[in-house]
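Undergrad: File run-v5.cif follows (mmCIF, C-alpha atoms):
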```
data_protein
loop_
_atom_site.label_atom_id
_atom_site.label_comp_id
_atom_site.auth_asym_id
_atom_site.auth_seq_id
_atom_site.Cartn_x
_atom_site.Cartn_y
_atom_site.Cartn_z
CA MET A 10 80.27 -229.83 -42.25
CA GLU A 11 80.43 -226.01 -42.33
CA PHE A 12 84.00 -226.19 -43.70
CA GLN A 13 82.91 -228.51 -46.52
CA PHE A 14 80.04 -226.16 -47.37
CA LYS A 15 82.38 -223.14 -47.56
CA CYS A 16 84.86 -225.05 -49.74
CA GLY A 17 82.08 -226.23 -52.02
CA ARG A 18 80.76 -222.68 -52.30
CA LYS A 19 84.21 -221.30 -53.15
CA PHE A 20 84.70 -224.00 -55.76
CA PHE A 21 81.32 -223.13 -57.31
CA ILE A 22 82.24 -219.41 -57.43
CA VAL A 23 85.63 -220.15 -59.05
CA VAL A 24 84.07 -222.42 -61.66
CA SER A 25 81.40 -219.79 -62.42
CA LEU A 26 84.01 -217.06 -62.84
CA LEU A 27 86.06 -219.27 -65.14
CA SER A 28 82.96 -220.02 -67.21
CA VAL A 29 82.23 -216.29 -67.57
CA LEU A 30 85.84 -215.58 -68.60
CA ILE A 31 85.78 -218.38 -71.20
CA PHE A 32 82.47 -217.07 -72.57
CA VAL A 33 83.86 -213.51 -72.86
CA PHE A 34 86.98 -214.81 -74.62
CA LEU A 35 84.92 -216.82 -77.12
CA LEU A 36 82.62 -213.85 -77.71
CA GLN A 37 85.60 -211.58 -78.43
CA ASP A 38 87.06 -214.18 -80.78
CA TYR A 39 83.70 -214.48 -82.54
CA ASN A 40 83.41 -210.69 -82.94
CA ARG A 41 86.93 -210.48 -84.38
CA ASN A 42 86.03 -212.95 -87.12
CA TYR A 43 82.40 -212.00 -87.62
CA VAL A 44 81.19 -210.11 -90.66
CA ASP A 45 77.46 -209.46 -90.92
CA LEU A 46 76.83 -210.69 -94.46
CA ASN A 47 73.19 -209.55 -94.29
CA VAL A 48 74.24 -205.90 -94.08
CA ILE A 49 75.49 -204.62 -97.42
CA PRO A 50 77.79 -201.59 -97.03
CA GLU A 51 77.52 -198.61 -99.35
CA LEU A 52 80.19 -197.72 -101.89
CA ASP A 53 81.07 -194.20 -102.95
CA SER A 54 82.21 -195.10 -106.44
CA PRO A 55 80.45 -196.83 -109.35
CA LEU A 56 81.84 -199.99 -110.90
CA PRO A 57 85.01 -199.35 -112.92
CA PRO A 58 84.79 -199.86 -116.70
CA VAL A 59 84.42 -203.44 -117.91
CA PRO A 60 87.66 -204.36 -119.73
CA SER A 61 87.69 -205.19 -123.40
CA GLN A 62 88.91 -208.61 -124.48
CA GLU A 63 91.86 -206.84 -126.11
CA TRP A 64 92.86 -205.41 -122.74
CA ILE A 65 92.39 -208.80 -121.06
CA GLN A 66 94.57 -210.55 -123.64
CA ARG A 67 97.30 -207.93 -123.19
CA GLU A 68 97.28 -208.54 -119.44
CA MET A 69 97.43 -212.26 -120.04
CA SER A 70 100.42 -211.82 -122.33
CA ARG A 71 102.13 -209.74 -119.65
CA SER A 72 101.67 -212.56 -117.16
CA MET A 73 103.05 -215.00 -119.74
CA GLU A 74 106.17 -212.85 -120.11
CA MET A 75 106.69 -212.90 -116.33
CA LEU A 76 106.63 -216.70 -116.53
CA GLY A 77 109.05 -216.73 -119.45
CA TYR A 78 106.38 -218.21 -121.75
CA GLN A 79 105.66 -217.53 -125.40
CA TYR A 80 102.54 -218.49 -127.33
CA PRO A 81 102.97 -221.07 -130.13
CA VAL A 82 102.03 -220.43 -133.76
CA SER A 83 99.12 -222.89 -133.44
CA ASN A 84 97.32 -224.40 -130.46
CA ASN A 85 98.34 -227.79 -129.09
CA TRP A 86 96.10 -229.00 -126.29
CA GLU A 87 98.85 -230.52 -124.17
CA CYS A 88 97.74 -229.53 -120.67
CA LEU A 89 99.78 -229.78 -117.49
CA GLN A 90 96.56 -230.60 -115.61
CA PRO A 91 94.30 -232.23 -118.25
CA ARG A 92 91.59 -233.14 -115.76
CA HIS A 93 90.52 -229.46 -115.56
CA THR A 94 90.21 -228.85 -119.30
CA TYR A 95 87.20 -230.17 -121.23
CA PHE A 96 86.44 -230.66 -124.92
CA PHE A 97 82.76 -230.43 -125.89
CA PRO A 98 82.62 -231.77 -129.47
CA GLN A 99 78.96 -231.05 -130.28
CA ILE A 100 79.22 -227.32 -129.54
CA ARG A 101 82.90 -227.18 -130.54
CA ALA A 102 84.15 -225.64 -127.31
CA ILE A 103 87.11 -226.14 -125.01
CA PHE A 104 86.88 -224.89 -121.44
CA THR A 105 89.46 -224.84 -118.65
CA GLY A 106 87.79 -224.82 -115.26
CA ILE A 107 90.11 -223.52 -112.55
CA PRO A 108 89.01 -224.78 -109.11
CA LYS A 109 87.42 -222.05 -106.96
CA SER A 110 86.81 -219.83 -109.99
CA GLY A 111 83.18 -220.65 -110.65
CA CYS A 112 83.96 -223.70 -112.79
CA SER A 113 81.13 -225.95 -111.51
CA ASN A 114 78.35 -223.83 -113.01
CA TRP A 115 80.16 -223.60 -116.35
CA ILE A 116 80.83 -227.34 -116.52
CA GLU A 117 77.17 -228.13 -115.82
CA PHE A 118 76.05 -225.56 -118.39
CA LEU A 119 78.40 -226.84 -121.12
CA LEU A 120 77.64 -230.49 -120.39
CA ARG A 121 73.95 -229.78 -120.78
CA ALA A 122 74.52 -227.83 -124.00
CA ASP A 123 76.60 -230.70 -125.41
CA GLY A 124 74.03 -233.34 -124.47
CA GLY A 125 76.13 -234.82 -121.69
CA LEU A 126 73.59 -234.39 -118.88
CA PRO A 127 70.09 -235.79 -118.38
CA GLU A 128 67.28 -233.27 -118.83
CA LYS A 129 66.54 -233.35 -115.11
CA LEU A 130 69.37 -233.92 -112.65
CA ASP A 131 68.47 -235.19 -109.21
CA PRO A 132 69.84 -232.74 -106.58
CA THR A 133 71.46 -235.68 -104.77
CA GLU A 134 73.51 -236.43 -107.91
CA VAL A 135 74.91 -232.95 -108.55
CA TYR A 136 78.33 -234.18 -107.44
CA LYS A 137 78.40 -236.42 -110.52
CA ILE A 138 78.94 -233.32 -112.64
CA HIS A 139 82.56 -233.50 -111.49
CA THR A 140 82.81 -237.27 -111.87
CA THR A 141 80.57 -239.54 -113.97
CA TYR A 142 79.22 -236.94 -116.40
CA SER A 143 82.34 -234.84 -116.99
CA GLU A 144 84.92 -237.64 -117.10
CA PRO A 145 84.43 -238.43 -120.84
CA TYR A 146 85.11 -234.76 -121.66
CA ARG A 147 88.35 -234.28 -119.72
CA MET A 148 91.42 -233.61 -121.84
CA PHE A 149 93.18 -236.89 -121.25
CA GLN A 150 94.96 -238.59 -124.16
CA GLU A 151 92.01 -239.78 -126.25
CA VAL A 152 90.02 -236.59 -125.76
CA LYS A 153 93.13 -234.48 -126.34
CA ASP A 154 93.76 -236.22 -129.66
CA ARG A 155 90.17 -235.57 -130.74
CA ALA A 156 90.44 -231.91 -129.71
CA ASN A 157 93.68 -231.40 -131.63
CA THR A 158 92.21 -233.12 -134.69
CA ALA A 159 89.11 -230.92 -134.51
CA GLU A 160 91.35 -227.86 -134.09
CA GLN A 161 93.26 -228.73 -137.24
CA GLN A 162 90.07 -229.17 -139.25
CA GLU A 163 88.40 -225.99 -138.03
CA HIS A 164 89.24 -223.70 -135.12
CA VAL A 165 87.59 -224.74 -131.83
CA PHE A 166 86.50 -221.88 -129.56
CA SER A 167 88.34 -221.96 -126.22
CA PHE A 168 87.90 -219.98 -123.02
CA ALA A 169 88.71 -219.93 -119.32
CA VAL A 170 87.60 -218.09 -116.17
CA VAL A 171 90.12 -216.59 -113.73
CA ARG A 172 89.70 -214.97 -110.33
CA ASN A 173 91.35 -212.50 -107.96
CA PRO A 174 93.88 -214.62 -106.00
CA TRP A 175 92.82 -213.14 -102.64
CA THR A 176 89.12 -214.02 -102.95
CA ARG A 177 90.05 -217.38 -104.44
CA LEU A 178 92.19 -218.12 -101.36
CA VAL A 179 89.35 -217.18 -99.04
CA SER A 180 86.84 -219.20 -101.06
CA GLY A 181 89.11 -222.25 -100.95
CA TYR A 182 89.33 -222.00 -97.17
CA ARG A 183 85.59 -221.46 -96.62
CA ASP A 184 84.50 -224.23 -98.96
CA LYS A 185 87.09 -226.92 -98.28
CA LEU A 186 88.73 -226.45 -94.88
CA SER A 187 86.66 -224.29 -92.52
CA THR A 188 83.79 -225.22 -90.20
CA GLU A 189 81.38 -223.41 -92.51
CA VAL A 190 78.73 -225.54 -94.21
CA THR A 191 78.89 -224.90 -97.98
CA GLN A 192 77.62 -226.55 -101.15
CA GLY A 193 81.06 -227.99 -101.94
CA ARG A 194 82.64 -231.15 -100.56
CA SER A 195 85.01 -230.34 -97.72
CA PHE A 196 88.49 -231.82 -97.44
CA GLY A 197 88.19 -233.16 -93.88
CA SER A 198 91.31 -235.32 -93.97
CA LEU A 199 93.42 -232.50 -95.42
CA ALA A 200 92.07 -230.04 -92.84
CA ARG A 201 93.24 -232.27 -89.99
CA LYS A 202 96.67 -232.74 -91.59
CA ILE A 203 97.10 -228.98 -91.89
CA VAL A 204 96.24 -228.50 -88.23
CA ARG A 205 98.75 -231.16 -87.16
CA LYS A 206 101.48 -229.73 -89.38
CA ILE A 207 101.11 -226.12 -88.21
CA ASN A 208 100.67 -227.19 -84.58
CA LYS A 209 103.95 -229.09 -84.81
CA ILE A 210 105.68 -225.96 -86.15
CA ASP A 211 104.18 -223.90 -83.30
CA ASN A 212 104.93 -226.64 -80.78
CA ILE A 213 101.36 -226.68 -79.48
CA SER A 214 98.75 -229.37 -78.95
CA ASN A 215 95.32 -228.75 -80.40
CA ASN A 216 92.91 -231.47 -81.46
CA THR A 217 90.61 -229.32 -83.62
CA ASP A 218 89.54 -230.73 -87.00
CA HIS A 219 89.74 -227.43 -88.87
CA PRO A 220 92.63 -224.98 -89.30
CA THR A 221 92.18 -221.30 -88.55
CA PHE A 222 92.45 -218.93 -91.49
CA ASN A 223 95.93 -217.93 -90.33
CA GLN A 224 97.04 -221.57 -90.13
CA TYR A 225 95.65 -222.12 -93.62
CA LEU A 226 97.60 -219.17 -95.07
CA ARG A 227 100.81 -220.28 -93.38
CA TRP A 228 100.30 -223.75 -94.83
CA ILE A 229 99.89 -222.22 -98.30
CA VAL A 230 103.26 -220.50 -97.85
CA LEU A 231 104.88 -223.86 -97.04
CA GLN A 232 103.94 -225.06 -100.57
CA ASP A 233 104.18 -228.68 -99.41
CA ASN A 234 103.08 -231.80 -101.24
CA LEU A 235 99.69 -231.83 -99.49
CA GLN A 236 98.48 -228.94 -101.63
CA ASN A 237 96.20 -229.57 -104.58
CA ASP A 238 94.92 -227.40 -107.43
CA HIS A 239 92.28 -225.74 -105.25
CA PHE A 240 95.08 -223.86 -103.50
CA THR A 241 97.91 -223.55 -106.02
CA PRO A 242 98.34 -220.66 -108.52
CA GLN A 243 95.76 -220.54 -111.30
CA HIS A 244 98.22 -220.29 -114.16
CA LEU A 245 99.35 -223.85 -113.39
CA THR A 246 95.87 -225.10 -114.35
CA LEU A 247 95.65 -223.16 -117.61
CA CYS A 248 97.02 -224.91 -120.72
CA ILE A 249 99.58 -222.17 -121.32
CA PRO A 250 101.95 -221.74 -123.04
CA ASN A 251 100.79 -224.47 -125.45
CA VAL A 252 97.60 -222.65 -126.37
CA LYS A 253 96.16 -219.14 -126.56
CA TYR A 254 92.59 -218.95 -125.29
CA ASP A 255 90.12 -217.11 -127.50
CA TYR A 256 88.35 -215.59 -124.54
CA ILE A 257 89.21 -215.09 -120.87
CA ILE A 258 86.66 -214.02 -118.27
CA PRO A 259 87.57 -212.45 -114.92
CA LEU A 260 85.02 -214.13 -112.64
CA GLU A 261 84.24 -210.81 -110.98
CA LEU A 262 82.90 -209.47 -114.29
CA SER A 263 81.30 -212.67 -115.57
CA ASN A 264 77.82 -211.12 -115.59
CA PHE A 265 79.02 -208.65 -118.22
CA LEU A 266 81.27 -210.91 -120.30
CA THR A 267 79.43 -214.24 -120.30
CA PRO A 268 76.86 -213.22 -122.96
CA THR A 269 79.65 -213.14 -125.55
CA ILE A 270 80.41 -216.82 -124.87
CA ILE A 271 76.73 -217.72 -125.08
CA GLU A 272 76.41 -215.81 -128.34
CA THR A 273 79.55 -217.26 -129.90
CA LEU A 274 78.56 -220.85 -129.13
CA LYS A 275 74.88 -220.23 -129.95
CA LEU A 276 73.77 -221.72 -126.64
CA ASN A 277 70.50 -221.73 -124.75
CA THR A 278 70.61 -219.20 -121.90
CA SER A 279 67.95 -220.75 -119.65
CA GLN A 280 70.48 -221.86 -117.01
CA SER A 281 71.96 -219.43 -114.50
CA LEU A 282 75.68 -218.91 -114.63
CA LEU A 283 76.05 -216.51 -111.71
CA GLY A 284 77.98 -219.01 -109.59
CA PRO A 285 79.53 -217.37 -106.51
CA TYR A 286 78.19 -213.97 -107.56
CA ASN A 287 74.52 -214.70 -107.00
CA SER A 288 74.01 -213.34 -103.48
CA GLN A 289 72.26 -210.17 -102.32
CA SER A 290 74.41 -207.79 -104.35
CA SER A 291 75.40 -207.90 -108.00
CA ASP A 292 78.40 -205.68 -107.25
CA PRO A 293 81.40 -208.03 -106.80
CA ARG A 294 82.90 -205.53 -104.35
CA LEU A 295 80.06 -206.33 -101.94
CA GLN A 296 79.94 -210.12 -102.18
CA SER A 297 80.32 -212.20 -99.02
CA THR A 298 83.73 -213.63 -99.91
CA THR A 299 84.98 -210.14 -100.79
CA LEU A 300 83.89 -208.70 -97.45
CA LEU A 301 85.40 -211.61 -95.52
CA ALA A 302 88.63 -211.37 -97.53
CA LYS A 303 89.04 -207.67 -96.74
CA LYS A 304 88.55 -208.32 -93.02
CA TRP A 305 90.50 -211.55 -92.61
CA LEU A 306 93.48 -210.58 -94.77
CA SER A 307 93.83 -207.15 -93.12
CA GLU A 308 94.31 -208.96 -89.79
CA GLN A 309 97.31 -210.97 -91.00
CA ASP A 310 101.01 -210.28 -90.52
CA PRO A 311 102.26 -208.07 -93.43
CA LEU A 312 105.19 -210.46 -93.93
CA LEU A 313 102.76 -213.35 -94.44
CA ILE A 314 100.79 -211.28 -96.96
CA GLU A 315 104.02 -210.46 -98.81
CA GLN A 316 104.96 -214.15 -98.98
CA LEU A 317 101.54 -215.01 -100.39
CA TYR A 318 101.75 -212.22 -102.94
CA VAL A 319 105.06 -213.59 -104.21
CA ILE A 320 103.54 -217.06 -104.67
CA PHE A 321 100.55 -215.70 -106.63
CA ARG A 322 102.36 -212.83 -108.37
CA GLU A 323 101.67 -214.09 -111.90
CA ASP A 324 97.99 -214.64 -111.06
CA PHE A 325 97.71 -211.01 -109.96
CA ALA A 326 99.39 -209.90 -113.18
CA MET A 327 96.90 -211.90 -115.28
CA MET A 328 94.24 -209.21 -114.91
CA ASN A 329 96.17 -206.51 -113.01
CA TYR A 330 94.08 -207.62 -110.04
CA SER A 331 93.48 -205.24 -107.13
CA ASN A 332 94.77 -205.78 -103.63
CA PHE A 333 92.36 -206.26 -100.72
CA THR A 334 93.18 -202.71 -99.57
CA SER A 335 91.82 -201.21 -102.79
CA PRO A 336 88.33 -199.63 -102.78
CA ASP A 337 87.67 -201.58 -106.00
CA PHE A 338 88.75 -204.94 -104.62
CA PRO A 339 88.47 -207.63 -106.03
CA LEU A 340 88.16 -206.15 -109.54
CA PRO A 341 90.87 -205.87 -112.18
CA LEU A 342 92.44 -202.41 -112.16
CA VAL A 343 91.44 -201.64 -115.72
CA TYR A 344 93.64 -199.07 -117.46
CA GLU A 345 95.55 -198.35 -114.26
CA LYS A 346 99.26 -198.83 -113.57
CA HIS A 347 100.37 -202.39 -112.91
CA ASN A 348 100.66 -202.31 -109.14
CA PRO A 349 98.17 -204.74 -107.58
CA LYS A 350 99.69 -204.31 -104.11
CA THR A 351 98.33 -200.75 -103.69
#
```
As structure tokens - that is how I would like this structure written.

TA:
Amino acid sequence: MEFQFKCGRKFFIVVSLLSVLIFVFLLQDYNRNYVDLNVIPELDSPLPPVPSQEWIQREMSRSMEMLGYQYPVSNNWECLQPRHTYFFPQIRAIFTGIPKSGCSNWIEFLLRADGGLPEKLDPTEVYKIHTTYSEPYRMFQEVKDRANTAEQQEHVFSFAVVRNPWTRLVSGYRDKLSTEVTQGRSFGSLARKIVRKINKIDNISNNTDHPTFNQYLRWIVLQDNLQNDHFTPQHLTLCIPNVKYDYIIPLELSNFLTPTIIETLKLNTSQSLLGPYNSQSSDPRLQSTTLLAKKWLSEQDPLLIEQLYVIFREDFAMMNYSNFTSPDFPLPLVYEKHNPKT
């Protein structure tokens, strides 16, 4: 009886010690990945100058040259991914919404301005902005023909919003594949497939439903057929080289550049268009995704970062976008040398 008691006591002590060790490990792992998004750090420098549209168009042309593209004499709305470009006939506007670049707010705003949304939208039906309500505006064949006809009769104003590739990568992970609860619809099935694929490469067994950030980045590098336009380079979604957009907005500076769009289209400004830049700070260098990107990306293998940079090289060139090591990340390096990796 005494022997059984001693064995039971030893077993209890061992189990307790193991529990403590597991708790310490999980706490360390949590601290490594934790960023207190309620504490806004201070910056020594003011915001860099907001680029002119002339500067933006020059950067865009530079990216086009890297791709071996050349603008046509006149626009032809033949888009590689027509489902992300919309023609709004009443306000005579064409918009390309790149996933994870603040497109949802713009689509809702433009739909409402064009009369394509009910006056009051039930919060439970917001998802229909990307389905039922926007479908008739997508640049598929019939809509494309109408857009080209309208363009021939009188120029239709066109614009797009782009984003720093690093913050876009982090946003795609947080919104679609991580355990974080966000306003977007997560890709649960894809998340599990990524885990299985990377686990097979690493020869490990792990039944988790969500990939780690490192697994996600390594999957991006694979460039396999599971990837969709939330994770592929932005320039593939733009309708280049068939068209030249009248106006391009870097998402990071949308607060400064959006009024020009509103003015040009003579739209009502009652709806907010802040999108992902509507948190505690108006400085894009202090937004939650920016802070997480700086931390998470700095923890990755430099070789992995180099591989990702190569994949998104043209996207960086689009706006001479800063690297996550820059004090002005994620802003365009306006009027600086073209070296986004510094």

Undergrad: Here's the selection I'm unsure about, the PyMOL selection byres ((chain A and resi 202) around 12); applied to the file above, which residues does it give, as a short mmCIF file (atom, residue, chain, number, x, y, z; two decimals) with C-alpha atoms, keeping the file's coordinate frame?

TA:
```
data_model
loop_
_atom_site.label_atom_id
_atom_site.label_comp_id
_atom_site.auth_asym_id
_atom_site.auth_seq_id
_atom_site.Cartn_x
_atom_site.Cartn_y
_atom_site.Cartn_z
CA LEU A 186 88.73 -226.45 -94.88
CA PHE A 196 88.49 -231.82 -97.44
CA GLY A 197 88.19 -233.16 -93.88
CA SER A 198 91.31 -235.32 -93.97
CA LEU A 199 93.42 -232.50 -95.42
CA ALA A 200 92.07 -230.04 -92.84
CA ARG A 201 93.24 -232.27 -89.99
CA ILE A 203 97.10 -228.98 -91.89
CA VAL A 204 96.24 -228.50 -88.23
CA ARG A 205 98.75 -231.16 -87.16
CA LYS A 206 101.48 -229.73 -89.38
CA ILE A 207 101.11 -226.12 -88.21
CA ASN A 208 100.67 -227.19 -84.58
CA LYS A 209 103.95 -229.09 -84.81
CA ASN A 215 95.32 -228.75 -80.40
CA ASN A 216 92.91 -231.47 -81.46
CA THR A 217 90.61 -229.32 -83.62
CA ASP A 218 89.54 -230.73 -87.00
CA HIS A 219 89.74 -227.43 -88.87
CA PRO A 220 92.63 -224.98 -89.30
CA GLN A 224 97.04 -221.57 -90.13
CA TYR A 225 95.65 -222.12 -93.62
CA TRP A 228 100.30 -223.75 -94.83
CA ASP A 233 104.18 -228.68 -99.41
CA ASN A 234 103.08 -231.80 -101.24
CA LEU A 235 99.69 -231.83 -99.49
CA GLN A 236 98.48 -228.94 -101.63
#
```

Undergrad: Run the PyMOL selection byres ((chain A and resi 165) around 7) on the file and write out the hits as a list of chain:residue names.

TA: A:Arg101, A:Ala102, A:Ile103, A:Ala159, A:Glu160, A:Glu163, A:His164, A:Phe166, A:Ser167

Undergrad: Now that the selection is made, can you save its residues with C-alpha atoms as a tab-separated table (two decimals), keeping the file's coordinate frame?

TA:
```
chain	number	residue	atom	x	y	z
A	101	ARG	CA	82.90	-227.18	-130.54
A	102	ALA	CA	84.15	-225.64	-127.31
A	103	ILE	CA	87.11	-226.14	-125.01
A	159	ALA	CA	89.11	-230.92	-134.51
A	160	GLU	CA	91.35	-227.86	-134.09
A	163	GLU	CA	88.40	-225.99	-138.03
A	164	HIS	CA	89.24	-223.70	-135.12
A	166	PHE	CA	86.50	-221.88	-129.56
A	167	SER	CA	88.34	-221.96	-126.22
```

Undergrad: Between A:Cys248, A:Val135, A:Ile320, A:Ile213, which is the closest to A:Tyr78 once you count only C-alpha atoms?

TA: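 Smallest distance to A:Tyr78 is found for A:Cys248.
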
Undergrad: Can you measure atom CA of A:Ser113 to atom CA of A:Ser307 for me? One decimal in Å is fine.

TA: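 Pair atom CA of A:Ser113 / atom CA of A:Ser307 returns 29.2 Å.
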
Undergrad: To one decimal place in Å, what is the distance between atom CA of A:Thr269 and atom CA of A:Asn84?

TA: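 Separation between atom CA of A:Thr269 and atom CA of A:Asn84: 21.5 Å.
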
Undergrad: Counting all atoms listed in the file, which residues sit no farther than 9 Å from the position (92.6, -216.6, -105.3) in the file's frame? I'd like them as a PyMOL selection string.

TA: chain A and resi 109-110+171-181+240-243+321+324-325

Undergrad: For A:Phe222, work out the shell of residues within 9 Å, counting all atoms listed in the file and skipping chain neighbours fewer than 5 positions away, then give it as a list in words.

TA: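 Close residues of A:Phe222: Val179, Tyr182, Arg183, Ser187, Arg227 and Trp305 of chain A.
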
Undergrad: Keeping only C-alpha atoms, write the selected residues as a tab-separated table (two decimals), in the frame of the given file.

TA:
```tsv
chain	number	residue	atom	x	y	z
A	179	VAL	CA	89.35	-217.18	-99.04
A	182	TYR	CA	89.33	-222.00	-97.17
A	183	ARG	CA	85.59	-221.46	-96.62
A	187	SER	CA	86.66	-224.29	-92.52
A	227	ARG	CA	100.81	-220.28	-93.38
A	305	TRP	CA	90.50	-211.55	-92.61
```

Undergrad: Can you measure atom CA of A:Gln296 to atom CA of A:Tyr95 for me? One decimal in Å is fine.

TA: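 Going from atom CA of A:Gln296 over to atom CA of A:Tyr95 covers 28.6 Å.
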
Undergrad: When you count only C-alpha atoms, which of these residues is closest to A:Asn264: A:Asp292, A:Glu117, A:Glu315, A:Asp238?

TA: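 Ranked by minimum distance to A:Asn264, first place goes to A:Asp292.
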
Undergrad: Taking only C-alpha atoms into account, which of A:Tyr330, A:Phe104, A:Tyr318, A:Tyr254 comes nearest A:Ser70?

TA: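 Among the listed residues, the smallest separation from A:Ser70 belongs to A:Tyr254.
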